[in-house]
>>> print(open('final36.cif').read())   # mmCIF, C-alpha atoms
data_protein
#
loop_
_atom_site.label_atom_id
_atom_site.label_comp_id
_atom_site.auth_asym_id
_atom_site.auth_seq_id
_atom_site.Cartn_x
_atom_site.Cartn_y
_atom_site.Cartn_z
CA MET A 1 14.80 4.21 0.98
CA VAL A 2 12.10 6.49 -0.39
CA ASN A 3 11.51 5.58 -4.02
CA GLU A 4 11.17 8.92 -5.85
CA GLY A 5 11.32 8.22 -9.56
CA ASN A 6 9.18 6.44 -12.10
CA ASP A 7 12.11 4.45 -13.44
CA GLY A 8 10.16 1.22 -13.77
CA PHE A 9 8.21 -0.84 -11.29
CA THR A 10 7.55 -4.55 -11.65
CA LEU A 11 4.44 -5.86 -9.95
CA PRO A 12 5.20 -9.08 -8.08
CA ARG A 13 2.68 -11.85 -7.53
CA GLY A 14 0.18 -10.78 -4.90
CA ALA A 15 0.46 -7.03 -5.51
CA THR A 16 -3.28 -6.87 -6.24
CA GLY A 17 -4.20 -9.10 -3.31
CA PHE A 18 -5.45 -11.86 -5.62
CA TYR A 19 -3.79 -15.23 -5.79
CA ARG A 20 -4.23 -18.51 -7.58
CA PRO A 21 -4.43 -21.52 -5.26
CA LYS A 22 -2.04 -23.46 -7.52
CA ASP A 23 0.63 -20.80 -6.79
CA GLY A 24 0.27 -21.15 -3.03
CA PRO A 25 -0.51 -18.50 -0.42
CA LEU A 26 0.71 -14.95 -0.77
CA PRO A 27 3.46 -13.57 1.47
CA GLU A 28 2.18 -11.69 4.52
CA ASN A 29 3.52 -8.59 6.22
CA GLU A 30 3.20 -9.19 9.91
CA LEU A 31 1.12 -6.58 11.67
CA LYS A 32 3.68 -6.78 14.50
CA ALA A 33 6.46 -5.49 12.20
CA PHE A 34 4.24 -2.68 10.93
CA ARG A 35 3.34 -1.67 14.50
CA ALA A 36 7.00 -1.62 15.53
CA ALA A 37 7.82 0.63 12.56
CA LEU A 38 4.85 2.89 13.43
CA TYR A 39 6.10 3.41 16.97
CA ALA A 40 9.62 4.14 15.69
CA ALA A 41 8.18 6.66 13.21
CA ALA A 42 6.05 8.29 15.92
CA ARG A 43 9.14 8.72 18.11
CA VAL A 44 11.02 10.39 15.25
CA ALA A 45 7.97 12.61 14.55
CA ASP A 46 7.74 13.49 18.25
CA GLY A 47 4.18 12.22 18.06
CA GLU A 48 2.15 9.16 18.89
CA VAL A 49 0.53 6.24 17.14
CA GLY A 50 -3.21 6.62 16.71
CA GLU A 51 -5.61 3.90 15.66
CA VAL A 52 -4.16 0.83 13.92
CA GLU A 53 -6.57 -1.13 11.76
CA GLU A 54 -5.57 -4.57 10.55
CA ARG A 55 -6.47 -5.36 6.98
CA ALA A 56 -9.84 -7.02 6.52
CA TYR A 57 -10.88 -8.78 3.34
CA PRO A 58 -11.12 -7.55 0.63
CA ARG A 59 -8.76 -4.69 1.51
CA THR A 60 -5.09 -5.24 0.57
CA PHE A 61 -3.57 -3.05 3.28
CA HIS A 62 -3.33 -2.22 6.98
CA THR A 63 -4.09 1.36 8.02
CA ALA A 64 -2.81 3.44 10.93
CA THR A 65 -2.25 7.02 11.95
CA VAL A 66 0.69 8.88 13.40
CA VAL A 67 -0.31 12.07 15.18
CA GLY A 68 2.37 14.72 15.51
CA HIS A 69 2.80 18.48 15.60
CA GLU A 70 1.71 18.78 11.95
CA GLY A 71 -1.49 16.84 12.59
CA GLU A 72 -2.58 13.34 11.73
CA ASN A 73 -0.90 11.29 8.99
CA VAL A 74 -2.64 8.21 7.57
CA VAL A 75 -0.14 5.41 6.98
CA LEU A 76 -0.91 2.49 4.64
CA CYS A 77 1.00 -0.79 4.75
CA HIS A 78 0.46 -3.32 1.97
CA ALA A 79 -0.55 -6.67 3.45
CA HIS A 80 1.58 -8.81 1.12
CA HIS A 81 4.64 -6.73 0.26
CA PRO A 82 6.68 -4.32 2.42
CA TRP A 83 5.29 -1.12 0.88
CA ILE A 84 4.32 1.99 2.83
CA ALA A 85 2.25 4.91 1.51
CA PHE A 86 0.68 8.02 3.03
CA ALA A 87 -2.80 9.45 2.46
CA LYS A 88 -5.00 12.33 3.63
CA THR A 89 -7.91 10.24 4.89
CA ARG A 90 -8.78 6.65 5.74
CA ARG A 91 -10.51 4.87 2.90
CA ASP A 92 -11.09 1.33 1.71
CA TRP A 93 -9.32 1.98 -1.59
CA TYR A 94 -7.07 4.59 -3.13
CA GLU A 95 -6.04 5.67 -6.59
CA GLU A 96 -4.59 9.17 -6.59
CA ASP A 97 -5.12 10.39 -3.02
CA PHE A 98 -1.57 9.78 -1.85
CA LEU A 99 0.63 12.26 -0.01
CA ALA A 100 4.36 12.79 -0.17
CA PRO A 101 6.11 10.89 2.62
CA PRO A 102 6.68 13.03 5.73
CA PRO A 103 10.25 13.72 6.92
CA TRP A 104 10.04 10.88 9.46
CA ALA A 105 9.11 8.23 6.84
CA HIS A 106 12.71 7.00 6.89
CA ALA A 107 11.80 5.14 10.10
CA PHE A 108 9.82 2.69 7.93
CA ALA A 109 12.75 2.23 5.57
CA ASN A 110 15.00 1.59 8.57
CA ALA A 111 12.57 -1.18 9.60
CA GLY A 112 12.81 -2.89 6.19
CA PHE A 113 9.83 -1.33 4.41
CA THR A 114 9.91 0.51 1.08
CA VAL A 115 8.32 3.94 1.30
CA LEU A 116 6.55 4.78 -1.96
CA SER A 117 6.37 8.40 -3.07
CA SER A 118 3.14 9.98 -4.27
CA GLU A 119 4.77 10.31 -7.71
CA ARG A 120 5.55 6.60 -7.82
CA LEU A 121 2.01 5.71 -6.76
CA ALA A 122 0.58 7.98 -9.49
CA THR A 123 2.55 6.07 -12.15
CA PRO A 124 0.20 5.07 -15.00
CA LEU A 125 -0.17 1.31 -15.34
CA SER A 126 1.17 1.64 -18.89
CA ASP A 127 4.55 2.50 -17.30
CA VAL A 128 4.51 -0.50 -14.93
CA ASP A 129 5.62 -4.07 -15.69
CA THR A 130 2.29 -5.85 -15.25
CA SER A 131 3.31 -9.13 -16.90
CA VAL A 132 2.55 -11.13 -13.74
CA LEU A 133 -1.12 -10.06 -13.66
CA THR A 134 -3.72 -12.67 -14.58
CA GLN A 135 -6.76 -12.17 -16.81
CA GLY A 136 -8.91 -12.09 -13.67
CA GLU A 137 -6.80 -9.30 -12.17
CA TRP A 138 -7.05 -7.29 -15.40
CA ARG A 139 -10.82 -7.83 -15.40
CA GLU A 140 -11.01 -6.26 -11.90
CA ILE A 141 -8.68 -3.40 -12.87
CA ARG A 142 -10.85 -2.56 -15.89
CA PHE A 143 -14.12 -3.00 -13.95
CA TYR A 144 -13.02 -0.56 -11.23
CA GLY A 145 -11.36 1.83 -13.71
CA ILE A 146 -7.96 1.65 -12.01
CA THR A 147 -5.28 3.46 -14.01
CA THR A 148 -2.40 3.94 -11.53
CA LEU A 149 0.08 1.83 -9.62
CA GLY A 150 -1.32 3.10 -6.31
CA GLY A 151 -4.82 2.03 -7.30
CA VAL A 152 -3.60 -1.52 -7.96
CA LEU A 153 -1.62 -1.77 -4.72
CA PHE A 154 -4.05 -0.18 -2.24
CA ASN A 155 -7.48 -1.51 -3.11
CA ALA A 156 -10.52 -3.35 -1.79
CA TRP A 157 -12.00 -5.14 -4.76
CA ASP A 158 -13.84 -8.39 -4.28
#
>>> encode(input="final36.cif", output="structure tokens")
Amino acid sequence: MVNEGNDGFTLPRGATGFYRPKDGPLPENELKAFRAALYAAARVADGEVGEVEERAYPRTFHTATVVGHEGENVVLCHAHHPWIAFAKTRRDWYEEDFLAPPPWAHAFANAGFTVLSSERLATPLSDVDTSVLTQGEWREIRFYGITTLGGVLFNAWD
């Protein structure tokens, strides 16, 4: 399902990519599942999968492209939670550079991912339940000047 509104979003543990050893390792989205969803989306878009780049520390997301009749779409997949976003260009971090999901984004939802709208990703952190964030995570958020949900989810702080 494409999440369109800003009717509340609760950050789960691991949303920022940071973890505390006492809490155990973060969940991982398998690159294999993301690839399978990419190929399904490319079929629906009557296109093809371009380059797929597995997340590398300190980035919190995998990146790929789907190339179709409308051009190239950059697809972001959070490494720890099943969130998908779309952007204009490949970058190591994002804050407000998100695109609306293309018509074929439902292929990701069909594969068990949650497709986040550009409106949702632009949600100010003041409108997000951030109670799970640690002091260290808030220090990074303030240091990098992150003010949106998308900036917290798709980042590369170290």
>>> closest_atom_pairs(input="final36.cif", of="stretch 92-129 of chain A", to="stretch 26-35 of chain A", cutoff="10 Å", atoms="only C-alpha atoms", output="Markdown table")
| residue | atom | partner | partner_atom | distance |
| --- | --- | --- | --- | --- |
| A:Phe108 | CA | A:Phe34 | CA | 8.3 |
| A:Ala111 | CA | A:Ala33 | CA | 7.9 |
| A:Gly112 | CA | A:Ala33 | CA | 9.1 |
| A:Phe113 | CA | A:Phe34 | CA | 8.7 |
>>> atom_distance(input="final36.cif", atom1="atom CA of A:Ala122", atom2="atom CA of A:Thr16")
15.7 Å
>>> resolve_selection(input="final36.cif", expression="the PyMOL selection byres ((chain A and resi 144) around 12)", output="list in words")
Trp93, Tyr94, Glu95, Glu137, Trp138, Arg139, Glu140, Ile141, Arg142, Phe143, Gly145, Ile146, Thr147, Thr148, Gly151, Val152, Asn155, Ala156, Trp157 and Asp158 of chain A
>>> atom_distance(input="final36.cif", atom1="atom CA of A:Leu133", atom2="atom CA of A:Arg59")
17.8 Å
>>> resolve_selection(input="final36.cif", expression="the PyMOL selection byres ((chain A and resi 39-54) around 6)", output="list in words")
Ala36, Ala37, Leu38, Arg55, His62, Thr63, Ala64, Thr65, Val66, Val67, Gly68, Trp104 and Ala107 of chain A
>>> residues_near_point(input="final36.cif", point="(-2.1, 5.9, 5.4)", cutoff="8 Å", atoms="all atoms listed in the file", output="list in words")
Thr63, Ala64, Thr65, Asn73, Val74, Val75, Leu76, Cys77, Ile84, Ala85, Phe86, Ala87, Lys88, Thr89 and Arg90 of chain A
>>> atom_distance(input="final36.cif", atom1="atom CA of A:Val128", atom2="atom CA of A:Ala56")
26.6 Å
>>> resolve_selection(input="final36.cif", expression="the PyMOL selection byres ((chain A and resi 100) around 7)", output="PyMOL selection string")
chain A and resi 86+98-99+101-102+117-118
>>> axis_aligned_box(input="final36.cif", around="stretch 146-151 of chain A", padding_each_side="6 Å", output="lines of an AutoDock Vina configuration file")
center_x = -3.9
center_y = 2.8
center_z = -10.2
size_x = 20.0
size_y = 14.3
size_z = 19.7
>>> closest_residue(input="final36.cif", among="A:Asn110, A:Ser131, A:Phe61, A:Tyr19", to="A:Arg91", atoms="only C-alpha atoms")
A:Phe61
>>> closest_residue(input="final36.cif", among="A:Ala105, A:Asp97, A:Asp23, A:Gly17", to="A:Thr60", atoms="all atoms listed in the file")
A:Gly17
